[in-house]
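> My structure is stored as work-v6.tsv, with TSV, C-alpha atoms and all ligand atoms.
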chain	number	residue	atom	x	y	z
T	182	MET	CA	-30.66	63.31	-38.56
T	183	LYS	CA	-33.97	65.12	-39.11
T	184	LEU	CA	-37.18	63.46	-40.26
T	185	ALA	CA	-36.90	65.35	-43.56
T	186	ASP	CA	-33.40	63.88	-44.09
T	187	LEU	CA	-34.73	60.35	-43.56
T	188	HIS	CA	-37.53	61.12	-46.01
T	189	ASP	CA	-35.02	62.38	-48.59
T	190	SER	CA	-32.84	59.31	-48.15
T	191	LEU	CA	-35.81	57.05	-48.98
T	192	ARG	CA	-37.24	58.87	-51.99
T	193	ASP	CA	-35.54	56.50	-54.42
T	194	CYS	CA	-35.39	53.48	-52.08
T	195	GLN	CA	-34.43	50.27	-53.88
T	196	ALA	CA	-34.14	48.11	-50.76
T	197	CYS	CA	-36.78	45.54	-51.74
T	198	ARG	CA	-38.73	44.20	-54.71
T	199	LEU	CA	-41.53	46.76	-54.21
T	200	ALA	CA	-39.26	49.36	-55.83
T	201	SER	CA	-39.77	47.61	-59.15
T	202	SER	CA	-43.25	46.18	-58.65
T	203	GLY	CA	-45.16	49.13	-60.01
T	204	ARG	CA	-44.98	51.68	-57.21
T	205	THR	CA	-45.44	55.31	-58.26
T	206	GLN	CA	-43.53	56.70	-55.31
T	207	VAL	CA	-42.39	56.00	-51.76
T	208	VAL	CA	-45.14	57.01	-49.31
T	209	PHE	CA	-43.13	58.16	-46.32
T	210	GLY	CA	-45.67	59.66	-43.94
T	211	THR	CA	-47.61	62.81	-43.20
T	212	GLY	CA	-48.47	65.13	-40.34
T	213	ASN	CA	-46.74	66.83	-37.45
T	214	PRO	CA	-43.06	65.80	-37.27
T	215	HIS	CA	-43.15	66.54	-33.52
T	216	ALA	CA	-46.43	64.74	-32.85
T	217	SER	CA	-46.97	63.06	-29.51
T	218	ILE	CA	-49.41	60.63	-31.15
T	219	MET	CA	-48.53	58.57	-34.20
T	220	PHE	CA	-50.64	56.14	-36.23
T	221	VAL	CA	-49.05	53.28	-38.15
T	222	GLY	CA	-50.92	51.39	-40.86
T	223	GLU	CA	-49.94	48.56	-43.13
T	224	ALA	CA	-48.94	49.74	-46.60
T	225	PRO	CA	-50.02	52.32	-49.19
T	226	GLY	CA	-52.92	51.38	-51.45
T	227	PHE	CA	-53.83	52.68	-54.91
T	228	HIS	CA	-54.70	56.26	-53.91
T	229	GLU	CA	-51.85	56.58	-51.42
T	230	ASP	CA	-49.39	55.44	-54.08
T	231	LYS	CA	-50.72	58.02	-56.54
T	232	GLN	CA	-50.85	60.93	-54.07
T	233	GLY	CA	-47.80	60.04	-51.97
T	234	VAL	CA	-49.80	60.42	-48.74
T	235	PRO	CA	-50.92	57.64	-46.38
T	236	PHE	CA	-54.60	57.00	-45.71
T	237	VAL	CA	-56.24	59.14	-48.39
T	238	GLY	CA	-58.50	56.46	-49.91
T	239	ALA	CA	-61.70	54.99	-48.46
T	240	ALA	CA	-59.95	53.62	-45.35
T	241	GLY	CA	-58.29	57.00	-44.91
T	242	LYS	CA	-61.63	58.82	-45.00
T	243	LEU	CA	-62.95	56.47	-42.34
T	244	LEU	CA	-59.79	57.00	-40.28
T	245	THR	CA	-60.10	60.79	-40.53
T	246	GLY	CA	-63.68	60.61	-39.24
T	247	LEU	CA	-62.71	58.29	-36.38
T	248	LEU	CA	-59.84	60.61	-35.42
T	249	GLU	CA	-62.21	63.57	-35.39
T	250	SER	CA	-64.65	61.60	-33.24
T	251	VAL	CA	-62.02	61.49	-30.48
T	252	GLY	CA	-60.90	65.08	-30.95
T	253	LEU	CA	-57.79	64.45	-33.05
T	254	SER	CA	-56.95	66.17	-36.32
T	255	ARG	CA	-54.68	64.73	-38.97
T	256	GLU	CA	-52.52	67.85	-38.70
T	257	GLU	CA	-51.64	67.34	-35.03
T	258	ILE	CA	-50.71	63.65	-35.32
T	259	TYR	CA	-48.31	61.80	-37.60
T	260	ILE	CA	-49.46	58.98	-39.90
T	261	ALA	CA	-47.20	56.42	-41.56
T	262	ASN	CA	-47.17	52.79	-42.65
T	263	VAL	CA	-44.97	49.80	-41.89
T	264	ILE	CA	-44.30	49.41	-45.62
T	265	LYS	CA	-43.60	52.58	-47.55
T	266	CYS	CA	-44.34	51.27	-51.06
T	267	ARG	CA	-47.54	49.86	-52.48
T	268	PRO	CA	-47.54	46.06	-52.82
T	269	PRO	CA	-48.87	45.02	-56.26
T	270	ASN	CA	-52.65	44.53	-56.33
T	271	ASN	CA	-52.80	45.51	-52.64
T	272	ARG	CA	-51.52	42.10	-51.59
T	273	ASN	CA	-50.30	41.64	-48.03
T	274	PRO	CA	-46.76	42.77	-47.33
T	275	GLN	CA	-44.36	39.81	-47.35
T	276	PRO	CA	-42.24	39.04	-44.28
T	277	ASP	CA	-38.96	40.03	-45.98
T	278	GLU	CA	-40.49	43.32	-47.16
T	279	ILE	CA	-41.54	44.07	-43.58
T	280	GLU	CA	-38.07	43.19	-42.26
T	281	THR	CA	-36.48	45.45	-44.88
T	282	CYS	CA	-38.75	48.42	-44.19
T	283	LYS	CA	-39.00	48.04	-40.40
T	284	PRO	CA	-35.73	49.85	-39.60
T	285	PHE	CA	-37.03	52.89	-41.51
T	286	LEU	CA	-40.25	52.85	-39.48
T	287	LEU	CA	-38.30	52.53	-36.23
T	288	GLN	CA	-36.03	55.40	-37.25
T	289	GLN	CA	-39.08	57.45	-38.16
T	290	ILE	CA	-40.63	56.76	-34.74
T	291	GLN	CA	-37.35	57.62	-33.01
T	292	LEU	CA	-37.10	60.97	-34.83
T	293	ILE	CA	-40.74	61.90	-34.17
T	294	ASN	CA	-40.51	60.56	-30.61
T	295	PRO	CA	-44.25	60.17	-29.94
T	296	LYS	CA	-45.56	59.21	-26.51
T	297	LEU	CA	-48.22	56.99	-28.03
T	298	VAL	CA	-48.13	54.86	-31.16
T	299	CYS	CA	-51.49	53.52	-32.40
T	300	SER	CA	-51.05	50.56	-34.70
T	301	LEU	CA	-53.82	49.82	-37.20
T	302	GLY	CA	-54.37	46.14	-37.96
T	303	ASN	CA	-52.32	42.98	-37.62
T	304	PHE	CA	-49.17	43.89	-39.51
T	305	ALA	CA	-48.37	47.13	-37.69
T	306	MET	CA	-49.17	45.59	-34.29
T	307	GLN	CA	-47.07	42.47	-34.90
T	308	THR	CA	-44.19	44.53	-36.25
T	309	LEU	CA	-44.08	46.88	-33.27
T	310	LEU	CA	-44.96	44.36	-30.56
T	311	GLU	CA	-42.61	41.79	-32.14
T	312	LYS	CA	-45.15	39.07	-31.39
T	313	LYS	CA	-47.01	36.82	-33.80
T	314	ILE	CA	-50.33	37.30	-32.06
T	315	GLY	CA	-53.76	38.07	-33.54
T	316	ILE	CA	-55.13	41.62	-33.45
T	317	THR	CA	-58.41	40.47	-31.91
T	318	LYS	CA	-56.45	39.28	-28.83
T	319	VAL	CA	-54.71	42.59	-28.17
T	320	ARG	CA	-56.86	45.33	-29.69
T	321	GLY	CA	-57.84	48.06	-27.28
T	322	GLN	CA	-55.08	47.14	-24.82
T	323	VAL	CA	-52.19	49.34	-23.78
T	324	PHE	CA	-48.59	48.12	-24.01
T	325	ARG	CA	-45.77	50.10	-22.48
T	326	LEU	CA	-42.71	49.57	-24.67
T	327	PRO	CA	-39.30	51.01	-23.81
T	328	GLU	CA	-39.67	54.03	-26.10
T	329	PHE	CA	-43.42	54.59	-26.33
T	330	ILE	CA	-46.85	53.32	-25.41
T	331	LEU	CA	-48.37	51.05	-28.04
T	332	PHE	CA	-52.13	50.95	-28.50
T	333	PRO	CA	-53.26	48.41	-31.15
T	334	LEU	CA	-56.53	49.09	-32.97
T	335	LEU	CA	-58.36	47.27	-35.72
T	336	HIS	CA	-57.60	48.46	-39.24
T	337	PRO	CA	-60.25	50.74	-40.82
T	338	ALA	CA	-59.96	48.82	-44.12
T	339	ALA	CA	-60.89	45.61	-42.29
T	340	ALA	CA	-64.07	47.28	-41.05
T	341	LEU	CA	-64.88	48.45	-44.59
T	342	HIS	CA	-64.54	44.89	-45.87
T	343	GLN	CA	-66.26	43.22	-42.92
T	344	GLY	CA	-69.13	45.36	-41.71
T	345	ASN	CA	-69.35	43.48	-38.41
T	346	LEU	CA	-65.97	44.99	-37.44
T	347	MET	CA	-67.23	48.57	-37.62
T	348	THR	CA	-68.64	48.55	-34.09
T	349	PRO	CA	-65.48	47.00	-32.56
T	350	LEU	CA	-63.37	49.57	-34.45
T	351	ARG	CA	-65.47	52.40	-33.03
T	352	GLU	CA	-65.08	50.82	-29.58
T	353	ASP	CA	-61.29	50.82	-30.04
T	354	PHE	CA	-61.41	54.56	-30.71
T	355	GLN	CA	-63.55	55.15	-27.64
T	356	LYS	CA	-60.91	53.29	-25.59
T	357	LEU	CA	-58.25	55.38	-27.29
T	358	LYS	CA	-60.08	58.48	-26.06
T	359	LYS	CA	-59.77	57.14	-22.50
T	360	VAL	CA	-56.05	56.47	-23.02
T	361	LEU	CA	-55.58	60.03	-24.29
T	362	ASP	CA	-57.47	61.45	-21.29
T	363	GLU	CA	-55.43	59.24	-18.95
T	364	MET	CA	-52.18	60.37	-20.55
T	365	THR	CA	-52.99	64.04	-20.06
T	366	THR	CA	-53.88	63.60	-16.39
T	367	ALA	CA	-51.67	60.71	-15.13
T	368	PRO	CA	-48.12	61.49	-13.97
T	369	GLU	CA	-45.32	60.03	-16.11
T	370	THR	CA	-44.12	56.64	-14.94
T	371	SER	CA	-40.59	55.40	-15.41
T	372	PRO	CA	-40.01	53.32	-18.53
T	373	PRO	CA	-39.69	49.54	-18.26
T	374	ALA	CA	-36.42	47.75	-18.90
T	375	PRO	CA	-35.63	47.54	-22.61
T	376	ASN	CA	-37.33	44.80	-24.62
T	377	THR	CA	-39.95	43.99	-22.03
T	378	PRO	CA	-43.39	44.91	-23.31
T	379	VAL	CA	-45.54	45.55	-20.28
T	380	GLN	CA	-49.27	45.33	-20.59
T	381	MET	CA	-50.81	48.24	-18.71
T	382	ASP	CA	-54.03	47.94	-16.82
T	383	LEU	CA	-55.68	51.28	-17.51
T	384	PHE	CA	-59.27	50.18	-17.53
T	401	LIG	N1	-54.19	51.17	-45.58
T	401	LIG	C1	-53.01	51.30	-44.93
T	401	LIG	O1	-52.64	50.48	-44.13
T	401	LIG	N2	-52.30	52.38	-45.18
T	401	LIG	C2	-52.66	53.31	-46.02
T	401	LIG	O2	-51.93	54.28	-46.18
T	401	LIG	C3	-53.90	53.15	-46.67
T	401	LIG	C4	-54.64	52.08	-46.45
If you took the structure in this file and wrote it as structure tokens, what would it be?
Ligand code: URA


Amino acid sequence: MKLADLHDSLRDCQACRLASSGRTQVVFGTGNPHASIMFVGEAPGFHEDKQGVPFVGAAGKLLTGLLESVGLSREEIYIANVIKCRPPNNRNPQPDEIETCKPFLLQQIQLINPKLVCSLGNFAMQTLLEKKIGITKVRGQVFRLPEFILFPLLHPAAALHQGNLMTPLREDFQKLKKVLDEMTTAPETSPPAPNTPVQMDLF
């Protein structure tokens, strides 16, 4: 299956209640389908739902600037969300909605096959790490999962709501820059055994 086929198969997704909770459209993802770096957020908001593209509202503008600050363009990476439909009133995704949408995210990751997945915020990190742990405990750390390296960052929207998180968010991106530099110079290491997240000591 190609990424475009997965996208087509989800255009009229009815797998959870979000299909009939006021969504305009399914927000599948955007960017380079062969990207080696992928970003995963939480769920579409108002603007994303209207435009059908992730991270185009205020948090998206902040994200675009942070990406540029570490030399990444939106065109070279791929951006998606855990949940592909807007929850009503921007409420948090519910556990059953995450469970329903997670296989689509995993399939998306498998088809893109990035080396590095950067999760934004609690929901994306917990979904991909499969651990109920707080983002402040793991942000800026590198986890080698069987299929890709996971790098959890704070969510840009959190920094917009809580100004004191802006500096830590910028720090996360500076660490990301180091990870990117490390990845381009370090030789590939063999993957760990399946289902054993290994915390890497890069710094
Ligand atoms: N927040 C997210 O997590 N995703 C978006 O697409 C927009 C805002």

> Using only C-alpha atoms and all ligand atoms, can you tell me which of T:Pro274, T:Pro333, T:Pro327, T:Gly222 comes closest to ligand LIG 401 (chain T)?

T:Gly222

> One decimal, in Å: what's the spacing between CA of Gln289 (chain T) and CA of Pro214 (chain T)?

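Atom-to-atom, CA of Gln289 (chain T) to CA of Pro214 (chain T), that is 9.3 Å.
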
> Please provide as a list in words all residues within 8 Å of Cys266 (chain T), with the sequence filter that same-chain residues fewer than 5 positions apart are discarded (counting all atoms listed in the file).

Leu199, Ala200, Arg204, Gln206, Val207, Val208, Ala224, Pro225 and Asp230 of chain T

> Produce a table with one row for each residue of chain T that has an atom at most 12 Å from any atom of ligand LIG 401 (chain T), each row naming the nearest atom pair and its distance in Å at one decimal; use only C-alpha atoms and all ligand atoms; arrange rows by chain and rising residue number; format as JSON lines.


{"residue": "T:Val207", "atom": "CA", "partner": "T:LIG401", "partner_atom": "O2", "distance": 11.2}
{"residue": "T:Val208", "atom": "CA", "partner": "T:LIG401", "partner_atom": "O2", "distance": 8.0}
{"residue": "T:Phe209", "atom": "CA", "partner": "T:LIG401", "partner_atom": "O2", "distance": 9.6}
{"residue": "T:Gly210", "atom": "CA", "partner": "T:LIG401", "partner_atom": "O2", "distance": 8.6}
{"residue": "T:Thr211", "atom": "CA", "partner": "T:LIG401", "partner_atom": "O2", "distance": 10.0}
{"residue": "T:Phe220", "atom": "CA", "partner": "T:LIG401", "partner_atom": "N2", "distance": 9.8}
{"residue": "T:Val221", "atom": "CA", "partner": "T:LIG401", "partner_atom": "O1", "distance": 7.5}
{"residue": "T:Gly222", "atom": "CA", "partner": "T:LIG401", "partner_atom": "O1", "distance": 3.8}
{"residue": "T:Glu223", "atom": "CA", "partner": "T:LIG401", "partner_atom": "O1", "distance": 3.5}
{"residue": "T:Ala224", "atom": "CA", "partner": "T:LIG401", "partner_atom": "N2", "distance": 4.5}
{"residue": "T:Pro225", "atom": "CA", "partner": "T:LIG401", "partner_atom": "O2", "distance": 4.1}
{"residue": "T:Gly226", "atom": "CA", "partner": "T:LIG401", "partner_atom": "C3", "distance": 5.2}
{"residue": "T:Phe227", "atom": "CA", "partner": "T:LIG401", "partner_atom": "C3", "distance": 8.3}
{"residue": "T:His228", "atom": "CA", "partner": "T:LIG401", "partner_atom": "C3", "distance": 7.9}
{"residue": "T:Glu229", "atom": "CA", "partner": "T:LIG401", "partner_atom": "O2", "distance": 5.7}
{"residue": "T:Asp230", "atom": "CA", "partner": "T:LIG401", "partner_atom": "O2", "distance": 8.4}
{"residue": "T:Lys231", "atom": "CA", "partner": "T:LIG401", "partner_atom": "O2", "distance": 11.1}
{"residue": "T:Gln232", "atom": "CA", "partner": "T:LIG401", "partner_atom": "O2", "distance": 10.4}
{"residue": "T:Gly233", "atom": "CA", "partner": "T:LIG401", "partner_atom": "O2", "distance": 9.2}
{"residue": "T:Val234", "atom": "CA", "partner": "T:LIG401", "partner_atom": "O2", "distance": 7.0}
{"residue": "T:Pro235", "atom": "CA", "partner": "T:LIG401", "partner_atom": "O2", "distance": 3.5}
{"residue": "T:Phe236", "atom": "CA", "partner": "T:LIG401", "partner_atom": "O2", "distance": 3.8}
{"residue": "T:Val237", "atom": "CA", "partner": "T:LIG401", "partner_atom": "C3", "distance": 6.7}
{"residue": "T:Gly238", "atom": "CA", "partner": "T:LIG401", "partner_atom": "C3", "distance": 6.5}
{"residue": "T:Ala239", "atom": "CA", "partner": "T:LIG401", "partner_atom": "C4", "distance": 7.9}
{"residue": "T:Ala240", "atom": "CA", "partner": "T:LIG401", "partner_atom": "C4", "distance": 5.6}
{"residue": "T:Gly241", "atom": "CA", "partner": "T:LIG401", "partner_atom": "C3", "distance": 6.1}
{"residue": "T:Lys242", "atom": "CA", "partner": "T:LIG401", "partner_atom": "C3", "distance": 9.7}
{"residue": "T:Leu243", "atom": "CA", "partner": "T:LIG401", "partner_atom": "C4", "distance": 10.3}
{"residue": "T:Leu244", "atom": "CA", "partner": "T:LIG401", "partner_atom": "C4", "distance": 9.4}
{"residue": "T:Thr245", "atom": "CA", "partner": "T:LIG401", "partner_atom": "C3", "distance": 11.6}
{"residue": "T:Tyr259", "atom": "CA", "partner": "T:LIG401", "partner_atom": "O2", "distance": 12.0}
{"residue": "T:Ile260", "atom": "CA", "partner": "T:LIG401", "partner_atom": "O2", "distance": 8.2}
{"residue": "T:Ala261", "atom": "CA", "partner": "T:LIG401", "partner_atom": "O2", "distance": 6.9}
{"residue": "T:Asn262", "atom": "CA", "partner": "T:LIG401", "partner_atom": "N2", "distance": 5.7}
{"residue": "T:Val263", "atom": "CA", "partner": "T:LIG401", "partner_atom": "O1", "distance": 8.0}
{"residue": "T:Ile264", "atom": "CA", "partner": "T:LIG401", "partner_atom": "O1", "distance": 8.5}
{"residue": "T:Lys265", "atom": "CA", "partner": "T:LIG401", "partner_atom": "O2", "distance": 8.6}
{"residue": "T:Cys266", "atom": "CA", "partner": "T:LIG401", "partner_atom": "O2", "distance": 9.5}
{"residue": "T:Arg267", "atom": "CA", "partner": "T:LIG401", "partner_atom": "O2", "distance": 8.9}
{"residue": "T:Pro268", "atom": "CA", "partner": "T:LIG401", "partner_atom": "C1", "distance": 10.9}
{"residue": "T:Asn271", "atom": "CA", "partner": "T:LIG401", "partner_atom": "N1", "distance": 9.2}
{"residue": "T:Arg272", "atom": "CA", "partner": "T:LIG401", "partner_atom": "N1", "distance": 11.2}
{"residue": "T:Asn273", "atom": "CA", "partner": "T:LIG401", "partner_atom": "O1", "distance": 9.9}
{"residue": "T:Pro274", "atom": "CA", "partner": "T:LIG401", "partner_atom": "O1", "distance": 10.2}
{"residue": "T:Ser300", "atom": "CA", "partner": "T:LIG401", "partner_atom": "O1", "distance": 9.6}
{"residue": "T:Leu301", "atom": "CA", "partner": "T:LIG401", "partner_atom": "O1", "distance": 7.1}
{"residue": "T:Gly302", "atom": "CA", "partner": "T:LIG401", "partner_atom": "O1", "distance": 7.7}
{"residue": "T:Asn303", "atom": "CA", "partner": "T:LIG401", "partner_atom": "O1", "distance": 9.9}
{"residue": "T:Phe304", "atom": "CA", "partner": "T:LIG401", "partner_atom": "O1", "distance": 8.8}
{"residue": "T:Ala305", "atom": "CA", "partner": "T:LIG401", "partner_atom": "O1", "distance": 8.4}
{"residue": "T:Met306", "atom": "CA", "partner": "T:LIG401", "partner_atom": "O1", "distance": 11.5}
{"residue": "T:Leu334", "atom": "CA", "partner": "T:LIG401", "partner_atom": "O1", "distance": 11.9}
{"residue": "T:Leu335", "atom": "CA", "partner": "T:LIG401", "partner_atom": "O1", "distance": 10.7}
{"residue": "T:His336", "atom": "CA", "partner": "T:LIG401", "partner_atom": "O1", "distance": 7.3}
{"residue": "T:Pro337", "atom": "CA", "partner": "T:LIG401", "partner_atom": "N1", "distance": 7.7}
{"residue": "T:Ala338", "atom": "CA", "partner": "T:LIG401", "partner_atom": "N1", "distance": 6.4}
{"residue": "T:Ala339", "atom": "CA", "partner": "T:LIG401", "partner_atom": "N1", "distance": 9.3}
{"residue": "T:Ala340", "atom": "CA", "partner": "T:LIG401", "partner_atom": "N1", "distance": 11.5}
{"residue": "T:Leu341", "atom": "CA", "partner": "T:LIG401", "partner_atom": "C4", "distance": 11.0}

> Which residue is closest to Cys299 (chain T)? Choose from T:Asn270, T:Gln380, T:Thr348, T:Ser217 and count all atoms listed in the file.

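For Cys299 (chain T), the nearest of the candidates is T:Ser217.
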
> Using only C-alpha atoms, pick whichever of T:Lys283, T:Lys296, T:Lys183, T:His215 has the shortest atom-to-atom distance to Glu256 (chain T).

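The closest residue to Glu256 (chain T) is T:His215.
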
> Mind listing whatever residues come within 8 Å of the point (-56.1, 45.1, -29.7)? Use only C-alpha atoms, file coordinates, and give them as a count of residues only.

12
